[in-house]
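For reference, the structure is listed below as structure tokens.
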Amino acid sequence: MFWRTGDETGWRPGHPLLVHLDDGARVAPEHLSWGTADGAQTSLGFSPDLATCYGHRSLPTGAVAEVRGELSGEDEPRGGYEFDTEFEETPGRLRLLVDDGSGEPLRWVAWRDGTGGACSLALRSESPSGSADVTDLVTSVWATADHPEMGEVAANLVDGTHSKWFAPYPRAALEFRLPRPVVVERYVLTSGNDAPDRDPAAWTLRGSADGHRWHALDSRTGQSFPGRHQSRTYRIADPAACDHYRLDITGNNGSPHLQLAAVRFLAGTAGFTGHRQRAGHFPVAYRGLRTPPSAAPADSDPPVWTSAAFEALRSAASTPIVRTDFSDPQAWEAAWSDITAPQGYWDGEVVLGATLVARPEFDGWTAGDLAALLSRTDHDLVFVVDAVTLASPEHPVLVIEVGPDHDRPRTFRATPHALVDVETQLSIANMDWEDFSESTDPDGVLRASFAD
């Protein structure tokens, strides 16, 4: 494509135009017009062999440009919409793609084909407001941390005001729930009112169809905002139908804290309403419902976490002891009985003072998975009952230190008898990690207690 404005005599190169119209008839258009969400409107006429086109484009600023194009080949369609349709009460299918390089979603499109037939349709949003913004569908927002004392809570992100969300950590996560699966194609983040160093700089947006298994939809690093209460829009390259969306913020611009003023979700289209008209016939209604992309596939790795699982960890009254293997209930019962049995300690008996977190979401989790999640809580120690624990008659529990390097946490194993000493001494800082880790046997298991 090429364009020029005003009194220009030369043509400037523009973004390639990709068009795909397939309603089963595969009739090429003679004329095509469309409008996008930013208010731009374009109208083109095509040569009979589709080798060239010519037309005009009205820009959102009010300026008008001439446009022309030359056929560069037939590309495989990428993206676009697919609809189940009804035309003269006959079911059908429409594949529609008009990509002019603006990045803006379609609002309407009309065409006339070589037989004299015409079609015009307006796209409908999934939002009750009729716009692309589906944030008003969000039923709840949850965060790993916020600041309720000042009213700076996660719910502020979708309330449409300048109130903000604040977290006293440089890493945090937000989960947004919708009443039904929605195909979000873009999302918008708005900076807070102060402290630019609190702005998120790196994150991953994930989606889920059940709130348990998550799929990465978009990842960003090195981000910043031009000012306060400024919004930036991000496009999801491979959207999917999800009713849970989670924003995992993994870094900011230097502060020990995080903040955002708003998060918004923008969907594509739920369907269209329009008409079709065969040459020499009256126009008839033409309707379509979008066939959404399937729900996002689950990542091959274990799920990062769910809000309920995280709450169970964060709210543990003492050191969490997490079950990560659910394959053998009998082995679990034997191991748990051994772990919770009173152990001889100095001149008496002591029961392990840990809080059980036995949620199936943690099935198959590794030490690195748990350490990364625990780093967002006040716990710096976690015990794990995993497949090794259940398989061994000694039931050695994995002990994990949650330090600054979550990807390489320090670990050792301890039998239930030694675990009591570990929990007691580390919780009161009477002994150091090295006192225990360096006292393990050659197989990495701590069996003796310092109280013995």
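Note on naming: chains are A, B, ... as they come in the structure tokens, residues start from 1 per chain, ligands start from 1 in the order shown.
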As a VMD selection string, please: every residue in stretch 58-144 of chain A that a backbone DSSP assignment puts in strand (DSSP E or B). chain A and resid 58 64 to 70 81 to 87 90 to 99 106 to 113 118 to 124 133 140 to 143
What's around A:Ser255 at 8 Å? Count only C-alpha atoms, leave out sequence neighbours fewer than 6 positions away in its own chain, and write the answer as a list in words.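 The neighbour list is Pro170, Asp197 and Arg198 of chain A.
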At a cut-off of 12 Å, can you tabulate as CSV every residue of stretch 261-330 of chain A near stretch 420-430 of chain A together with its closest atom pair and the distance in Å to one decimal, using only C-alpha atoms and ordering rows by chain then number?
residue,atom,partner,partner_atom,distance
A:Ser318,CA,A:Ser427,CA,9.1
A:Thr319,CA,A:Glu423,CA,7.7
A:Pro320,CA,A:Glu423,CA,10.5
A:Ile321,CA,A:Glu423,CA,10.8
May I ask which of the residues A:Leu71, A:Leu373, A:Leu59, A:Ala331 is the closest one to A:Ala312, counting only C-alpha atoms? A:Leu373
Counting only C-alpha atoms, what are the residues of stretch 82-109 of chain A within 12 Å of stretch 181-193 of chain A, and for each of them which pair of atoms is the nearest and at what distance in Å, to one decimal? Sort the table by chain and rising number, as a tab-separated table.
residue	atom	partner	partner_atom	distance
A:Gly103	CA	A:Arg186	CA	10.1
A:Glu104	CA	A:Arg186	CA	10.0
A:Pro105	CA	A:Glu185	CA	9.2
Closest atom pairs, stretch 317-421 of chain A residues within 7 Å of stretch 431-445 of chain A, only C-alpha atoms, as CSV:
residue,atom,partner,partner_atom,distance
A:Pro396,CA,A:Val445,CA,6.9
A:Phe412,CA,A:Gly444,CA,6.0
A:Arg413,CA,A:Val445,CA,4.6
A:Ala414,CA,A:Val445,CA,5.3
Keeping only C-alpha atoms, take the residues you just selected and write them out as a PDB file, in the first residue's frame.
ATOM      1  CA  PRO A 396      12.428 -37.598  54.864  1.00  0.00           C
ATOM      2  CA  PHE A 412      18.164 -30.549  52.523  1.00  0.00           C
ATOM      3  CA  ARG A 413      16.006 -33.381  53.851  1.00  0.00           C
ATOM      4  CA  ALA A 414      15.172 -34.231  57.433  1.00  0.00           C
TER       5      ALA A 414
END
Write down as a VMD selection string the residues of stretch 14-196 of chain A whose backbone DSSP state falls under helix (DSSP H, G or I). chain A and resid 135 to 137 148 to 150 154 to 158 196
Selected residues written out, all heavy atoms, as an mmCIF file, in the first residue's frame:
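Written output follows (selection-v1.cif):
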data_model
loop_
_atom_site.group_PDB
_atom_site.id
_atom_site.type_symbol
_atom_site.label_atom_id
_atom_site.label_comp_id
_atom_site.auth_asym_id
_atom_site.auth_seq_id
_atom_site.Cartn_x
_atom_site.Cartn_y
_atom_site.Cartn_z
ATOM 1 N N THR A 135 -13.976 -4.518 30.829
ATOM 2 C CA THR A 135 -13.603 -4.472 32.241
ATOM 3 C C THR A 135 -14.829 -4.508 33.136
ATOM 4 O O THR A 135 -14.764 -5.005 34.271
ATOM 5 C CB THR A 135 -12.772 -3.207 32.521
ATOM 6 O OG1 THR A 135 -11.741 -3.088 31.546
ATOM 7 C CG2 THR A 135 -12.139 -3.262 33.896
ATOM 8 N N ASP A 136 -15.959 -3.980 32.629
ATOM 9 C CA ASP A 136 -17.166 -3.980 33.457
ATOM 10 C C ASP A 136 -17.718 -5.385 33.689
ATOM 11 O O ASP A 136 -18.633 -5.570 34.499
ATOM 12 C CB ASP A 136 -18.244 -3.070 32.859
ATOM 13 C CG ASP A 136 -18.506 -3.332 31.387
ATOM 14 O OD1 ASP A 136 -17.863 -4.241 30.823
ATOM 15 O OD2 ASP A 136 -19.348 -2.639 30.802
ATOM 16 N N LEU A 137 -17.170 -6.380 33.003
ATOM 17 C CA LEU A 137 -17.577 -7.765 33.257
ATOM 18 C C LEU A 137 -16.869 -8.371 34.455
ATOM 19 O O LEU A 137 -17.310 -9.403 34.976
ATOM 20 C CB LEU A 137 -17.290 -8.631 32.026
ATOM 21 C CG LEU A 137 -18.137 -8.408 30.776
ATOM 22 C CD1 LEU A 137 -17.655 -9.313 29.646
ATOM 23 C CD2 LEU A 137 -19.609 -8.669 31.072
ATOM 24 N N PRO A 148 -4.733 -2.027 52.565
ATOM 25 C CA PRO A 148 -6.102 -1.683 52.982
ATOM 26 C C PRO A 148 -6.170 -0.520 53.953
ATOM 27 O O PRO A 148 -7.187 0.173 54.019
ATOM 28 C CB PRO A 148 -6.597 -2.991 53.611
ATOM 29 C CG PRO A 148 -5.361 -3.741 53.997
ATOM 30 C CD PRO A 148 -4.343 -3.387 52.968
ATOM 31 N N GLU A 149 -5.104 -0.272 54.732
ATOM 32 C CA GLU A 149 -5.138 0.829 55.695
ATOM 33 C C GLU A 149 -5.355 2.175 55.012
ATOM 34 O O GLU A 149 -5.974 3.078 55.582
ATOM 35 C CB GLU A 149 -3.823 0.869 56.495
ATOM 36 C CG GLU A 149 -3.611 -0.321 57.409
ATOM 37 C CD GLU A 149 -3.052 -1.534 56.677
ATOM 38 O OE1 GLU A 149 -2.792 -1.426 55.448
ATOM 39 O OE2 GLU A 149 -2.893 -2.586 57.304
ATOM 40 N N MET A 150 -4.873 2.305 53.783
ATOM 41 C CA MET A 150 -5.044 3.546 53.033
ATOM 42 C C MET A 150 -6.089 3.403 51.930
ATOM 43 O O MET A 150 -6.240 4.314 51.099
ATOM 44 C CB MET A 150 -3.704 3.965 52.419
ATOM 45 C CG MET A 150 -2.640 4.329 53.444
ATOM 46 S SD MET A 150 -3.109 5.751 54.452
ATOM 47 C CE MET A 150 -3.110 7.039 53.212
ATOM 48 N N ALA A 154 -6.910 -3.859 45.577
ATOM 49 C CA ALA A 154 -6.972 -4.338 44.193
ATOM 50 C C ALA A 154 -8.264 -3.951 43.490
ATOM 51 O O ALA A 154 -8.275 -3.718 42.277
ATOM 52 C CB ALA A 154 -6.787 -5.850 44.165
ATOM 53 N N ALA A 155 -9.373 -3.866 44.227
ATOM 54 C CA ALA A 155 -10.653 -3.524 43.602
ATOM 55 C C ALA A 155 -10.627 -2.159 42.945
ATOM 56 O O ALA A 155 -11.402 -1.881 42.016
ATOM 57 C CB ALA A 155 -11.776 -3.590 44.640
ATOM 58 N N ASN A 156 -9.725 -1.268 43.390
ATOM 59 C CA ASN A 156 -9.630 0.064 42.791
ATOM 60 C C ASN A 156 -9.225 0.017 41.324
ATOM 61 O O ASN A 156 -9.478 0.966 40.576
ATOM 62 C CB ASN A 156 -8.602 0.906 43.556
ATOM 63 C CG ASN A 156 -9.026 1.199 44.979
ATOM 64 O OD1 ASN A 156 -10.193 1.051 45.323
ATOM 65 N ND2 ASN A 156 -8.084 1.600 45.809
ATOM 66 N N LEU A 157 -8.600 -1.062 40.905
ATOM 67 C CA LEU A 157 -8.086 -1.148 39.542
ATOM 68 C C LEU A 157 -9.191 -1.163 38.489
ATOM 69 O O LEU A 157 -8.938 -0.849 37.328
ATOM 70 C CB LEU A 157 -7.214 -2.393 39.396
ATOM 71 C CG LEU A 157 -5.901 -2.367 40.185
ATOM 72 C CD1 LEU A 157 -5.276 -3.749 40.220
ATOM 73 C CD2 LEU A 157 -4.931 -1.357 39.580
ATOM 74 N N VAL A 158 -10.390 -1.560 38.862
ATOM 75 C CA VAL A 158 -11.469 -1.678 37.879
ATOM 76 C C VAL A 158 -12.673 -0.802 38.226
ATOM 77 O O VAL A 158 -13.740 -0.980 37.647
ATOM 78 C CB VAL A 158 -11.920 -3.153 37.736
ATOM 79 C CG1 VAL A 158 -10.792 -4.013 37.202
ATOM 80 C CG2 VAL A 158 -12.432 -3.710 39.063
ATOM 81 N N PRO A 196 7.258 7.305 40.050
ATOM 82 C CA PRO A 196 7.420 6.504 38.835
ATOM 83 C C PRO A 196 8.215 5.224 39.040
ATOM 84 O O PRO A 196 8.044 4.268 38.281
ATOM 85 C CB PRO A 196 8.159 7.456 37.878
ATOM 86 C CG PRO A 196 7.825 8.828 38.375
ATOM 87 C CD PRO A 196 7.700 8.703 39.855
#
